[in-house]
file work-v4.cif (mmCIF, C-alpha atoms and all ligand atoms)
data_work
loop_
_atom_site.label_atom_id
_atom_site.label_comp_id
_atom_site.auth_asym_id
_atom_site.auth_seq_id
_atom_site.Cartn_x
_atom_site.Cartn_y
_atom_site.Cartn_z
CA MET G 161 -46.22 19.54 -36.52
CA ALA G 162 -48.27 16.46 -37.55
CA LYS G 163 -47.78 14.01 -34.67
CA GLY G 164 -47.17 10.52 -36.05
CA LEU G 165 -46.84 12.18 -39.51
CA GLU G 166 -50.63 12.08 -39.80
CA GLY G 167 -51.77 13.19 -43.22
CA ILE G 168 -48.24 13.82 -44.48
CA VAL G 169 -47.56 12.62 -48.03
CA ALA G 170 -44.03 11.23 -47.88
CA THR G 171 -43.58 9.56 -51.27
CA GLU G 172 -45.17 8.83 -54.62
CA THR G 173 -46.13 5.24 -55.40
CA SER G 174 -47.76 3.32 -58.24
CA ILE G 175 -48.32 0.20 -56.15
CA SER G 176 -51.41 0.75 -54.02
CA SER G 177 -53.75 3.53 -53.04
CA ILE G 178 -56.38 4.35 -50.42
CA ILE G 179 -58.79 6.90 -51.83
CA ASP G 180 -62.19 7.57 -50.26
CA ASP G 181 -61.85 4.43 -48.12
CA GLN G 182 -61.28 2.29 -51.21
CA LEU G 183 -58.10 0.19 -51.38
CA THR G 184 -56.66 -0.61 -54.79
CA TYR G 185 -53.55 -2.46 -55.92
CA VAL G 186 -52.29 -0.84 -59.14
CA GLY G 187 -55.82 0.46 -59.74
CA TYR G 188 -57.60 -2.89 -59.20
CA THR G 189 -59.99 -2.79 -56.25
CA ILE G 190 -59.26 -5.11 -53.38
CA ASP G 191 -62.80 -6.48 -53.84
CA ASP G 192 -62.10 -7.50 -57.42
CA LEU G 193 -58.80 -9.13 -56.50
CA ALA G 194 -60.09 -10.88 -53.38
CA GLU G 195 -62.98 -12.38 -55.36
CA ASN G 196 -61.09 -13.44 -58.46
CA SER G 197 -57.36 -13.65 -57.99
CA SER G 198 -54.66 -15.85 -56.52
CA PHE G 199 -52.02 -14.59 -54.11
CA GLU G 200 -49.26 -15.34 -56.64
CA GLU G 201 -51.08 -13.25 -59.25
CA VAL G 202 -51.35 -10.36 -56.79
CA VAL G 203 -47.64 -10.56 -55.97
CA TYR G 204 -46.86 -10.47 -59.70
CA LEU G 205 -49.14 -7.45 -60.03
CA LEU G 206 -47.47 -5.57 -57.17
CA TRP G 207 -43.97 -6.21 -58.52
CA ASN G 208 -44.66 -5.67 -62.22
CA LEU G 209 -47.56 -3.19 -62.07
CA LYS G 210 -49.58 -5.33 -64.47
CA LEU G 211 -51.55 -8.56 -64.26
CA PRO G 212 -49.70 -11.54 -65.71
CA LYS G 213 -50.71 -13.47 -68.81
CA LYS G 214 -51.19 -17.20 -68.19
CA ALA G 215 -47.64 -18.15 -69.25
CA GLU G 216 -46.15 -15.35 -67.13
CA LEU G 217 -48.11 -16.47 -64.09
CA ASP G 218 -47.14 -20.11 -64.60
CA GLU G 219 -43.49 -19.15 -64.81
CA PHE G 220 -43.73 -16.90 -61.76
CA LYS G 221 -45.44 -19.63 -59.71
CA ALA G 222 -42.79 -22.14 -60.75
CA ASN G 223 -40.01 -19.70 -59.76
CA LEU G 224 -41.59 -19.15 -56.35
CA ALA G 225 -42.10 -22.87 -55.77
CA ALA G 226 -38.51 -23.58 -56.80
CA GLU G 227 -37.11 -21.14 -54.24
CA MET G 228 -39.07 -22.24 -51.17
CA GLU G 229 -36.50 -24.50 -49.57
CA LEU G 230 -34.26 -22.98 -46.92
CA PRO G 231 -30.51 -23.37 -46.55
CA GLU G 232 -29.96 -26.09 -43.92
CA ALA G 233 -27.93 -23.59 -41.89
CA VAL G 234 -31.01 -21.39 -41.45
CA ILE G 235 -33.04 -24.36 -40.20
CA ASP G 236 -30.21 -25.18 -37.78
CA HIS G 237 -30.35 -21.60 -36.63
CA LEU G 238 -34.08 -21.86 -35.94
CA ARG G 239 -33.38 -24.98 -33.88
CA SER G 240 -30.86 -23.04 -31.80
CA TYR G 241 -33.40 -20.50 -30.46
CA ASP G 242 -34.92 -20.90 -27.01
CA LEU G 243 -37.97 -22.68 -28.37
CA SER G 244 -40.06 -22.29 -25.23
CA THR G 245 -39.88 -18.50 -25.11
CA VAL G 246 -38.99 -17.03 -28.50
CA HIS G 247 -41.94 -15.37 -30.23
CA PRO G 248 -42.33 -16.46 -33.87
CA MET G 249 -42.11 -12.81 -35.01
CA ALA G 250 -38.75 -12.44 -33.26
CA ALA G 251 -37.66 -15.75 -34.78
CA LEU G 252 -38.78 -14.56 -38.21
CA ARG G 253 -37.02 -11.21 -37.86
CA SER G 254 -33.78 -12.95 -36.92
CA ALA G 255 -34.09 -15.73 -39.51
CA VAL G 256 -34.65 -13.30 -42.41
CA SER G 257 -31.53 -11.45 -41.35
CA ILE G 258 -29.63 -14.76 -41.18
CA LEU G 259 -30.98 -15.72 -44.60
CA GLY G 260 -29.15 -12.74 -46.05
CA LEU G 261 -25.87 -14.24 -44.86
CA TYR G 262 -26.45 -17.24 -47.13
CA ASP G 263 -27.43 -15.28 -50.22
CA GLU G 264 -24.37 -14.60 -52.35
CA GLU G 265 -26.28 -11.80 -54.06
CA ALA G 266 -27.33 -10.11 -50.81
CA ASP G 267 -25.34 -6.96 -51.56
CA VAL G 268 -25.60 -7.02 -55.35
CA MET G 269 -27.71 -3.98 -56.09
CA ASP G 270 -28.69 -4.26 -59.76
CA GLU G 271 -32.37 -4.58 -60.66
CA ALA G 272 -32.21 -8.16 -61.91
CA ALA G 273 -30.44 -9.36 -58.76
CA ASN G 274 -32.93 -7.48 -56.59
CA LYS G 275 -35.84 -9.16 -58.37
CA ARG G 276 -34.24 -12.59 -57.90
CA LYS G 277 -33.80 -11.85 -54.19
CA ALA G 278 -37.43 -10.71 -53.97
CA VAL G 279 -38.58 -14.09 -55.34
CA ARG G 280 -36.34 -15.93 -52.88
CA LEU G 281 -37.52 -13.90 -49.90
CA GLN G 282 -41.21 -14.20 -50.81
CA ALA G 283 -40.84 -17.95 -51.21
CA GLN G 284 -38.66 -18.58 -48.17
CA ILE G 285 -40.61 -16.54 -45.65
CA ALA G 286 -43.40 -19.14 -45.76
CA THR G 287 -40.86 -21.87 -45.10
CA ILE G 288 -39.28 -20.01 -42.18
CA VAL G 289 -42.63 -19.38 -40.47
CA THR G 290 -43.83 -22.95 -40.87
CA ALA G 291 -40.46 -24.58 -40.09
CA PHE G 292 -40.18 -22.63 -36.84
CA ALA G 293 -43.78 -23.49 -35.93
CA ARG G 294 -42.98 -27.19 -36.30
CA ILE G 295 -39.51 -27.19 -34.77
CA ARG G 296 -40.78 -25.63 -31.55
CA LYS G 297 -43.28 -28.49 -31.24
CA GLY G 298 -40.53 -31.07 -31.67
CA LYS G 299 -41.55 -31.85 -35.27
CA GLU G 300 -39.43 -31.91 -38.40
CA PRO G 301 -39.95 -29.14 -40.99
CA VAL G 302 -41.94 -30.28 -44.01
CA LYS G 303 -40.46 -29.63 -47.44
CA PRO G 304 -42.69 -27.66 -49.82
CA LYS G 305 -44.43 -29.37 -52.75
CA LYS G 306 -43.79 -27.76 -56.12
CA ASP G 307 -47.28 -28.45 -57.46
CA LEU G 308 -49.18 -26.68 -54.66
CA SER G 309 -50.27 -23.04 -54.63
CA PHE G 310 -48.46 -20.68 -52.25
CA ALA G 311 -51.46 -20.74 -49.88
CA ALA G 312 -51.75 -24.53 -49.95
CA ASN G 313 -48.02 -24.95 -49.51
CA PHE G 314 -48.11 -22.72 -46.45
CA LEU G 315 -50.72 -24.92 -44.78
CA TYR G 316 -49.05 -28.09 -46.00
CA MET G 317 -45.69 -27.08 -44.54
CA LEU G 318 -47.40 -26.03 -41.32
CA ASN G 319 -49.56 -29.12 -40.77
CA GLY G 320 -47.80 -31.83 -42.76
CA GLU G 321 -50.96 -32.57 -44.74
CA GLU G 322 -52.52 -30.91 -47.75
CA PRO G 323 -55.32 -28.50 -46.82
CA LYS G 324 -58.98 -28.81 -47.74
CA ASP G 325 -60.14 -26.48 -50.53
CA ILE G 326 -61.94 -24.19 -48.12
CA GLU G 327 -58.81 -23.81 -45.99
CA GLU G 328 -56.63 -23.06 -49.00
CA GLU G 329 -59.19 -20.53 -50.25
CA ALA G 330 -59.33 -18.81 -46.85
CA ILE G 331 -55.56 -18.43 -46.64
CA ASN G 332 -55.32 -17.37 -50.28
CA LYS G 333 -57.89 -14.63 -49.69
CA ALA G 334 -56.30 -13.51 -46.42
CA LEU G 335 -52.90 -13.29 -48.14
CA ILE G 336 -54.40 -11.16 -50.94
CA LEU G 337 -56.12 -8.83 -48.47
CA HIS G 338 -52.93 -8.26 -46.46
CA ALA G 339 -50.49 -7.92 -49.37
CA ASP G 340 -50.07 -4.17 -49.56
CA HIS G 341 -51.40 -1.03 -47.95
CA GLU G 342 -49.84 2.15 -49.23
CA LEU G 343 -47.45 3.77 -46.73
CA ASN G 344 -48.26 1.82 -43.58
CA ALA G 345 -45.67 1.81 -40.79
CA SER G 346 -43.79 -1.34 -41.81
CA THR G 347 -43.67 -0.40 -45.49
CA PHE G 348 -42.44 3.08 -44.60
CA THR G 349 -39.79 1.45 -42.40
CA ALA G 350 -38.65 -0.72 -45.31
CA ARG G 351 -38.47 2.29 -47.62
CA VAL G 352 -36.54 4.41 -45.11
CA CYS G 353 -34.07 1.58 -44.62
CA VAL G 354 -33.34 0.89 -48.28
CA ALA G 355 -33.30 4.59 -49.19
CA THR G 356 -29.85 4.62 -47.57
CA LEU G 357 -29.03 2.08 -50.34
CA SER G 358 -28.90 -0.67 -47.79
CA ASP G 359 -29.79 -4.16 -49.05
CA ILE G 360 -33.17 -5.89 -49.37
CA TYR G 361 -32.57 -8.23 -46.41
CA SER G 362 -32.00 -5.21 -44.15
CA GLY G 363 -35.16 -3.54 -45.45
CA VAL G 364 -37.32 -6.60 -44.86
CA THR G 365 -35.79 -7.29 -41.44
CA ALA G 366 -36.55 -3.72 -40.38
CA ALA G 367 -40.10 -4.01 -41.72
CA ILE G 368 -40.74 -7.22 -39.77
CA GLY G 369 -39.68 -5.37 -36.63
CA ALA G 370 -42.22 -2.63 -37.35
CA LEU G 371 -45.04 -5.04 -38.21
CA LYS G 372 -44.51 -6.92 -34.92
CA GLY G 373 -45.85 -4.04 -32.77
CA PRO G 374 -49.39 -4.22 -31.35
CA LEU G 375 -50.47 -0.97 -32.99
CA HIS G 376 -49.76 -2.55 -36.38
CA GLY G 377 -49.62 -6.24 -37.40
CA GLY G 378 -49.22 -7.47 -33.82
CA ALA G 379 -52.85 -6.50 -33.18
CA ASN G 380 -54.31 -9.70 -34.70
CA GLU G 381 -52.72 -11.95 -32.06
CA ARG G 382 -53.96 -9.61 -29.34
CA VAL G 383 -57.50 -9.66 -30.74
CA MET G 384 -57.57 -13.42 -30.20
CA ALA G 385 -56.09 -13.04 -26.72
CA MET G 386 -58.90 -10.60 -25.95
CA LEU G 387 -61.62 -12.90 -27.35
CA THR G 388 -60.17 -15.80 -25.36
CA GLU G 389 -60.16 -13.73 -22.19
CA ILE G 390 -63.76 -12.70 -22.79
CA GLY G 391 -64.59 -16.39 -23.19
CA GLU G 392 -68.37 -16.19 -23.69
CA GLU G 393 -70.63 -13.94 -25.76
CA ASP G 394 -72.44 -12.51 -22.73
CA ASN G 395 -69.18 -11.22 -21.27
CA ALA G 396 -68.23 -9.25 -24.38
CA ILE G 397 -69.90 -5.90 -23.80
CA PRO G 398 -69.13 -5.58 -20.05
CA TYR G 399 -65.49 -6.49 -20.82
CA ILE G 400 -65.16 -3.92 -23.61
CA LYS G 401 -66.99 -1.25 -21.61
CA LYS G 402 -64.57 -1.72 -18.74
CA LYS G 403 -61.59 -1.46 -21.08
CA MET G 404 -62.95 1.71 -22.60
CA ASP G 405 -63.66 3.20 -19.17
CA ASN G 406 -60.00 2.49 -18.34
CA LYS G 407 -59.02 4.27 -21.58
CA GLU G 408 -57.46 1.08 -22.91
CA LYS G 409 -57.39 0.49 -26.64
CA ILE G 410 -59.53 -2.23 -28.19
CA MET G 411 -57.30 -4.26 -30.45
CA GLY G 412 -58.42 -4.58 -34.06
CA MET G 413 -60.43 -1.35 -33.91
CA GLY G 414 -59.63 2.01 -35.46
CA HIS G 415 -57.38 3.07 -38.30
CA ARG G 416 -55.22 6.05 -39.14
CA VAL G 417 -56.48 6.42 -42.70
CA TYR G 418 -59.95 4.87 -43.05
CA GLU G 419 -62.75 7.06 -41.78
CA ASN G 420 -65.73 4.85 -42.52
CA GLY G 421 -64.20 1.41 -42.20
CA ASP G 422 -61.54 -0.85 -43.60
CA PRO G 423 -62.70 -2.37 -46.92
CA ARG G 424 -60.79 -5.59 -46.13
CA ALA G 425 -62.73 -6.25 -42.93
CA LYS G 426 -65.98 -7.31 -44.67
CA PHE G 427 -64.23 -10.23 -46.39
CA LEU G 428 -62.66 -11.41 -43.17
CA ARG G 429 -65.97 -10.95 -41.33
CA GLU G 430 -67.68 -13.22 -43.89
CA MET G 431 -64.89 -15.78 -43.68
CA SER G 432 -65.05 -15.70 -39.89
CA LYS G 433 -68.81 -16.33 -40.01
CA GLU G 434 -68.42 -19.27 -42.38
CA LEU G 435 -65.38 -20.90 -40.77
CA THR G 436 -66.51 -20.56 -37.16
CA LYS G 437 -69.83 -22.14 -38.16
CA ILE G 438 -68.06 -25.08 -39.80
CA THR G 439 -65.90 -25.66 -36.74
CA GLY G 440 -68.90 -25.33 -34.40
CA GLN G 441 -67.34 -22.27 -32.77
CA SER G 442 -69.67 -19.49 -33.90
CA LYS G 443 -69.18 -17.85 -30.52
CA TRP G 444 -65.96 -16.21 -31.74
CA TYR G 445 -67.80 -14.63 -34.65
CA ASN G 446 -70.84 -13.66 -32.55
CA MET G 447 -68.60 -12.11 -29.91
CA SER G 448 -66.66 -10.21 -32.57
CA ILE G 449 -69.84 -8.82 -34.12
CA LYS G 450 -71.03 -7.58 -30.71
CA ILE G 451 -67.71 -5.90 -30.01
CA GLU G 452 -67.56 -4.30 -33.45
CA GLU G 453 -71.07 -2.88 -33.16
CA PHE G 454 -70.50 -1.61 -29.62
CA VAL G 455 -67.18 0.10 -30.35
CA LYS G 456 -68.61 1.64 -33.52
CA GLU G 457 -71.57 3.01 -31.61
CA GLU G 458 -69.66 4.23 -28.56
CA LYS G 459 -66.48 5.50 -30.17
CA GLY G 460 -67.23 5.68 -33.88
CA LEU G 461 -64.32 3.31 -34.51
CA PRO G 462 -64.74 0.58 -37.14
CA ALA G 463 -62.95 -2.78 -37.25
CA ASN G 464 -59.68 -2.98 -39.15
CA VAL G 465 -58.13 -5.89 -41.06
CA ASP G 466 -56.70 -7.42 -37.88
CA PHE G 467 -60.04 -7.84 -36.11
CA TYR G 468 -61.72 -10.69 -38.00
CA SER G 469 -58.50 -12.26 -39.24
CA ALA G 470 -58.06 -13.45 -35.65
CA SER G 471 -61.13 -15.70 -35.60
CA VAL G 472 -60.44 -16.79 -39.19
CA TYR G 473 -56.94 -18.07 -38.37
CA HIS G 474 -58.16 -19.55 -35.07
CA SER G 475 -60.82 -21.51 -36.98
CA LEU G 476 -58.10 -22.91 -39.22
CA GLY G 477 -56.44 -24.32 -36.10
CA ILE G 478 -53.45 -21.98 -36.32
CA ASP G 479 -51.51 -21.08 -33.16
CA HIS G 480 -52.31 -17.53 -32.10
CA ASP G 481 -48.73 -16.31 -32.11
CA LEU G 482 -48.46 -17.27 -35.80
CA PHE G 483 -51.13 -14.76 -36.81
CA THR G 484 -48.68 -11.88 -37.24
CA PRO G 485 -46.10 -14.06 -39.04
CA ILE G 486 -48.88 -14.95 -41.53
CA PHE G 487 -49.45 -11.23 -42.00
CA ALA G 488 -45.71 -10.87 -42.68
CA THR G 489 -45.82 -13.78 -45.15
CA SER G 490 -48.31 -11.75 -47.17
CA ARG G 491 -47.07 -8.21 -46.54
CA ILE G 492 -43.51 -9.06 -47.57
CA SER G 493 -44.90 -8.89 -51.12
CA GLY G 494 -45.82 -5.25 -50.55
CA TRP G 495 -42.55 -4.47 -48.78
CA LEU G 496 -40.60 -5.94 -51.68
CA ALA G 497 -42.66 -4.00 -54.23
CA HIS G 498 -42.01 -0.77 -52.33
CA ILE G 499 -38.31 -1.58 -51.88
CA LEU G 500 -37.94 -2.13 -55.65
CA GLU G 501 -39.86 1.09 -56.32
CA GLN G 502 -37.68 2.99 -53.84
CA TYR G 503 -34.44 1.75 -55.48
CA ASP G 504 -35.86 2.69 -58.86
CA ASN G 505 -36.18 6.38 -58.00
CA ASN G 506 -34.21 6.77 -54.81
CA ARG G 507 -33.48 9.69 -52.59
CA LEU G 508 -32.36 9.42 -48.95
CA ILE G 509 -35.38 9.77 -46.62
CA ARG G 510 -34.36 12.18 -43.92
CA PRO G 511 -37.04 14.45 -42.44
CA ARG G 512 -36.43 17.05 -39.75
CA ALA G 513 -37.42 17.17 -36.08
CA GLU G 514 -38.63 20.21 -34.24
CA TYR G 515 -36.29 20.60 -31.27
CA VAL G 516 -38.19 21.17 -28.02
CA GLY G 517 -35.44 20.41 -25.48
CA PRO G 518 -33.50 22.89 -23.33
CA LYS G 519 -31.43 25.53 -25.11
CA THR G 520 -28.01 27.12 -24.43
CA GLN G 521 -26.92 24.88 -21.56
CA LYS G 522 -23.34 25.11 -20.33
CA TYR G 523 -21.30 21.96 -19.73
CA VAL G 524 -20.80 21.27 -16.00
CA PRO G 525 -17.84 19.05 -15.02
CA ILE G 526 -19.02 15.71 -13.56
CA GLU G 527 -17.76 16.39 -10.00
CA GLU G 528 -19.76 19.64 -9.87
CA ARG G 529 -23.16 18.19 -10.89
C1 LIG I 1 -52.82 -3.70 -40.05
C2 LIG I 1 -52.90 -2.58 -39.11
O1 LIG I 1 -51.88 -2.07 -38.71
S1 LIG I 1 -54.41 -2.00 -38.69
C3 LIG I 1 -54.20 -1.32 -37.07
C4 LIG I 1 -53.94 -2.40 -36.07
N1 LIG I 1 -53.87 -1.82 -34.71
C5 LIG I 1 -54.85 -1.96 -33.81
O2 LIG I 1 -55.89 -2.55 -34.08
C6 LIG I 1 -54.58 -1.37 -32.46
C7 LIG I 1 -55.78 -0.58 -31.97
N2 LIG I 1 -55.95 0.63 -32.74
C8 LIG I 1 -55.18 1.73 -32.51
O3 LIG I 1 -54.33 1.75 -31.62
C9 LIG I 1 -55.37 2.94 -33.39
O4 LIG I 1 -56.68 3.00 -33.87
C10 LIG I 1 -54.37 2.98 -34.56
C11 LIG I 1 -52.94 2.87 -34.05
C12 LIG I 1 -54.63 1.83 -35.52
C13 LIG I 1 -54.53 4.28 -35.34
O5 LIG I 1 -54.30 5.24 -34.46
P1 LIG I 1 -54.21 6.81 -34.64
O6 LIG I 1 -54.75 7.28 -35.89
O7 LIG I 1 -52.82 7.20 -34.32
O8 LIG I 1 -55.18 7.26 -33.48
P2 LIG I 1 -54.77 7.48 -31.98
O9 LIG I 1 -54.10 6.29 -31.39
O10 LIG I 1 -54.07 8.79 -31.90
O11 LIG I 1 -56.21 7.59 -31.35
C14 LIG I 1 -57.09 8.70 -31.53
C15 LIG I 1 -58.19 8.60 -30.49
O12 LIG I 1 -58.99 7.45 -30.75
C16 LIG I 1 -58.88 6.52 -29.69
N3 LIG I 1 -58.68 5.19 -30.25
C17 LIG I 1 -58.07 4.87 -31.40
N4 LIG I 1 -58.09 3.57 -31.58
C18 LIG I 1 -58.72 3.04 -30.52
C19 LIG I 1 -59.03 1.74 -30.14
N5 LIG I 1 -58.69 0.72 -30.88
N6 LIG I 1 -59.70 1.57 -28.99
C20 LIG I 1 -60.07 2.59 -28.23
N7 LIG I 1 -59.78 3.87 -28.54
C21 LIG I 1 -59.11 4.08 -29.67
C22 LIG I 1 -57.64 6.93 -28.92
O13 LIG I 1 -57.67 6.52 -27.59
C23 LIG I 1 -57.68 8.43 -29.08
O14 LIG I 1 -58.64 8.94 -28.20
P3 LIG I 1 -58.43 10.36 -27.49
O15 LIG I 1 -58.34 11.35 -28.61
O16 LIG I 1 -59.63 10.48 -26.64
O17 LIG I 1 -57.15 10.24 -26.73
O1 LIG I 2 -52.07 1.24 -43.20
C1 LIG I 2 -51.94 1.14 -41.97
O2 LIG I 2 -51.66 2.10 -41.23
C2 LIG I 2 -52.11 -0.17 -41.31
C3 LIG I 2 -52.80 -1.19 -42.13
O3 LIG I 2 -54.00 -1.25 -42.20
C4 LIG I 2 -51.98 -2.12 -42.91
O4 LIG I 2 -50.76 -2.00 -42.90
O5 LIG I 2 -52.55 -3.00 -43.57
#

call {"tool": "encode", "arguments": {"input": "work-v4.cif", "output": "structure tokens", "more": "lines below"}}
Ligand SMILES: CC(=O)SCCNC(=O)CCNC(=O)[C@H](O)C(C)(C)COP(=O)(O)OP(=O)(O)OC[C@H]1O[C@@H](n2cnc3c(N)ncnc32)[C@H](O)[C@@H]1OP(=O)(O)O
Ligand SMILES: O=C([O-])CC(=O)C(=O)O
result
Amino acid sequence: MAKGLEGIVATETSISSIIDDQLTYVGYTIDDLAENSSFEEVVYLLWNLKLPKKAELDEFKANLAAEMELPEAVIDHLRSYDLSTVHPMAALRSAVSILGLYDEEADVMDEAANKRKAVRLQAQIATIVTAFARIRKGKEPVKPKKDLSFAANFLYMLNGEEPKDIEEEAINKALILHADHELNASTFTARVCVATLSDIYSGVTAAIGALKGPLHGGANERVMAMLTEIGEEDNAIPYIKKKMDNKEKIMGMGHRVYENGDPRAKFLREMSKELTKITGQSKWYNMSIKIEEFVKEEKGLPANVDFYSASVYHSLGIDHDLFTPIFATSRISGWLAHILEQYDNNRLIRPRAEYVGPKTQKYVPIEER
């Protein structure tokens, strides 16, 4: 049996691939897309399996921008959470589920309706994350601006002011790099859920739950917690050594599929270098480099996408517990692509388990046990 389904091919997909440590979306390398594309263009690519022409992209962007506002009832719901304790990923998971209650098409299963719901969900997730971030600080949610890019709108709705170009570019690139990743745990979760012919909202809600865990998307927040605890560059190696001696995992290191390193990490490493320098906080980058080199040397484990995204988002002044919700804001594009692909050629996903429990037991009445 392959524990954790390691190496098992569980589906066919035309959306993304990891071959020889190279990540591609529909055959375009992540490098090409990260250097040249916009997040909206990448979402279009993932959902339509082709790059858009200019008019198609303009229309798609306009559709996304038009769907960003949330039903007032969902905002009221966000206000009703215990704002001092609820984690933004738990809030997001609940709010996406609630959103389904206000979508009249939630259970309409034809392809056109599913595509309309995909646009709504992609647009509204950014609004949920940013509205919750503001509400818990006692601020009013900021309505999106139709003329801003998805990345700029995210920062605008979060901070209440339009971002600088460099900030918009950083978020745009991070969103592209996180958009899809073959059959990762949250995408598999989404596919398993909708393969029962359950609705899109259920699939995305389930996927958010899977992404939240520290072995998956939840690692980026923990990387920053670790860097904060380390505090200064000189403490980095003794801290990591101690953790490794205690057989604790180093967050942001290692990967199930990549053997020689995650091709997304180099972009985030570069962004971390640039942004931490601008903010006068190069120590986060320097510390990260030391940790990466040490863990690679000692354990042969390279950094994954979550490692440098932590210092990138920190440099943009983003609260640490919003790091994983940002991941979700990007990865929902991949989940939705996979959900649409699953519906398109569906079969119930139902593997088997090897039973290793006791055999042939005889029922003993409760008073005799
Ligand atoms: C977007 C993403 O989801 S990327 C991944 C984000 N997650 C993290 O960064 C969490 C830290 N990393 C990990 O836990 C793992 O590397 C995973 C979950 C990403 C992949 O794990 P798997 O392929 O299942 O490897 P598994 O957890 O079985 O580990 C194999 C061995 O490597 C070690 N190992 C793996 N990752 C790490 C790590 N980050 N730190 C220290 N040791 C590690 C394990 O302790 C284990 O050692 P052992 O054989 O001596 O017991
Ligand atoms: O593919 C994985 O197992 C995890 C990952 O890197 C991602 O989801 O981006």

call {"tool": "residues_around", "arguments": {"input": "work-v4.cif", "residues": "Tyr316 (chain G)", "least_positions_apart": "2", "cutoff": "12 Å", "atoms": "all atoms listed in the file", "output": "list in words"}}
result
Ala286, Thr287, Thr290, Ala291, Arg294, Pro301, Val302, Lys303, Pro304, Lys305, Lys306, Asp307, Leu308, Ser309, Phe310, Ala311, Ala312, Asn313, Phe314, Leu318, Asn319, Gly320, Glu321, Glu322, Pro323, Lys324, Glu327, Glu328 and Ile331 of chain G

call {"tool": "closest_residue", "arguments": {"input": "work-v4.cif", "among": "G:Ala162, G:Ala226, G:Leu500, G:Leu508", "to": "ligand LIG 1 (chain I)", "atoms": "only C-alpha atoms and all ligand atoms"}}
result
G:Ala162

call {"tool": "residues_near_ligand", "arguments": {"input": "work-v4.cif", "ligand": "ligand LIG 1 (chain I)", "cutoff": "7 Å", "atoms": "all atoms listed in the file", "output": "ChimeraX atom specification"}}
result
/G:164,374-377,379,404,407-416,461,464-466

call {"tool": "closest_residue", "arguments": {"input": "work-v4.cif", "among": "G:Asp181, G:Glu265, G:Leu357, G:Ile326", "to": "Pro462 (chain G)", "atoms": "only C-alpha atoms"}}
result
G:Asp181

call {"tool": "atom_distance", "arguments": {"input": "work-v4.cif", "atom1": "CA of Gly369 (chain G)", "atom2": "CA of Phe483 (chain G)"}}
result
14.8 Å

call {"tool": "residues_around", "arguments": {"input": "work-v4.cif", "residues": "Ile235 (chain G)", "least_positions_apart": "2", "cutoff": "12 Å", "atoms": "all atoms listed in the file", "output": "PDB file with C-alpha atoms, keeping the file's coordinate frame"}}
result
ATOM      1  CA  GLU G 229     -36.500 -24.500 -49.570  1.00  0.00           C
ATOM      2  CA  LEU G 230     -34.260 -22.980 -46.920  1.00  0.00           C
ATOM      3  CA  PRO G 231     -30.510 -23.370 -46.550  1.00  0.00           C
ATOM      4  CA  GLU G 232     -29.960 -26.090 -43.920  1.00  0.00           C
ATOM      5  CA  ALA G 233     -27.930 -23.590 -41.890  1.00  0.00           C
ATOM      6  CA  HIS G 237     -30.350 -21.600 -36.630  1.00  0.00           C
ATOM      7  CA  LEU G 238     -34.080 -21.860 -35.940  1.00  0.00           C
ATOM      8  CA  ARG G 239     -33.380 -24.980 -33.880  1.00  0.00           C
ATOM      9  CA  SER G 240     -30.860 -23.040 -31.800  1.00  0.00           C
ATOM     10  CA  TYR G 241     -33.400 -20.500 -30.460  1.00  0.00           C
ATOM     11  CA  ALA G 251     -37.660 -15.750 -34.780  1.00  0.00           C
ATOM     12  CA  LEU G 252     -38.780 -14.560 -38.210  1.00  0.00           C
ATOM     13  CA  SER G 254     -33.780 -12.950 -36.920  1.00  0.00           C
ATOM     14  CA  ALA G 255     -34.090 -15.730 -39.510  1.00  0.00           C
ATOM     15  CA  VAL G 256     -34.650 -13.300 -42.410  1.00  0.00           C
ATOM     16  CA  ILE G 258     -29.630 -14.760 -41.180  1.00  0.00           C
ATOM     17  CA  LEU G 259     -30.980 -15.720 -44.600  1.00  0.00           C
ATOM     18  CA  TYR G 262     -26.450 -17.240 -47.130  1.00  0.00           C
ATOM     19  CA  GLN G 284     -38.660 -18.580 -48.170  1.00  0.00           C
ATOM     20  CA  THR G 287     -40.860 -21.870 -45.100  1.00  0.00           C
ATOM     21  CA  ILE G 288     -39.280 -20.010 -42.180  1.00  0.00           C
ATOM     22  CA  VAL G 289     -42.630 -19.380 -40.470  1.00  0.00           C
ATOM     23  CA  THR G 290     -43.830 -22.950 -40.870  1.00  0.00           C
ATOM     24  CA  ALA G 291     -40.460 -24.580 -40.090  1.00  0.00           C
ATOM     25  CA  PHE G 292     -40.180 -22.630 -36.840  1.00  0.00           C
ATOM     26  CA  ALA G 293     -43.780 -23.490 -35.930  1.00  0.00           C
ATOM     27  CA  ARG G 294     -42.980 -27.190 -36.300  1.00  0.00           C
ATOM     28  CA  ILE G 295     -39.510 -27.190 -34.770  1.00  0.00           C
ATOM     29  CA  ARG G 296     -40.780 -25.630 -31.550  1.00  0.00           C
ATOM     30  CA  GLU G 300     -39.430 -31.910 -38.400  1.00  0.00           C
ATOM     31  CA  PRO G 301     -39.950 -29.140 -40.990  1.00  0.00           C
ATOM     32  CA  VAL G 302     -41.940 -30.280 -44.010  1.00  0.00           C
ATOM     33  CA  LYS G 303     -40.460 -29.630 -47.440  1.00  0.00           C
TER      34      LYS G 303
END

call {"tool": "residues_near_ligand", "arguments": {"input": "work-v4.cif", "ligand": "ligand LIG 2 (chain I)", "cutoff": "9 Å", "atoms": "only C-alpha atoms and all ligand atoms", "output": "ChimeraX atom specification"}}
result
/G:178,337-347,371,375-377,415-418,422,424,464-466,487,491

call {"tool": "atom_distance", "arguments": {"input": "work-v4.cif", "atom1": "CA of Val279 (chain G)", "atom2": "CA of Leu224 (chain G)"}}
result
6.0 Å
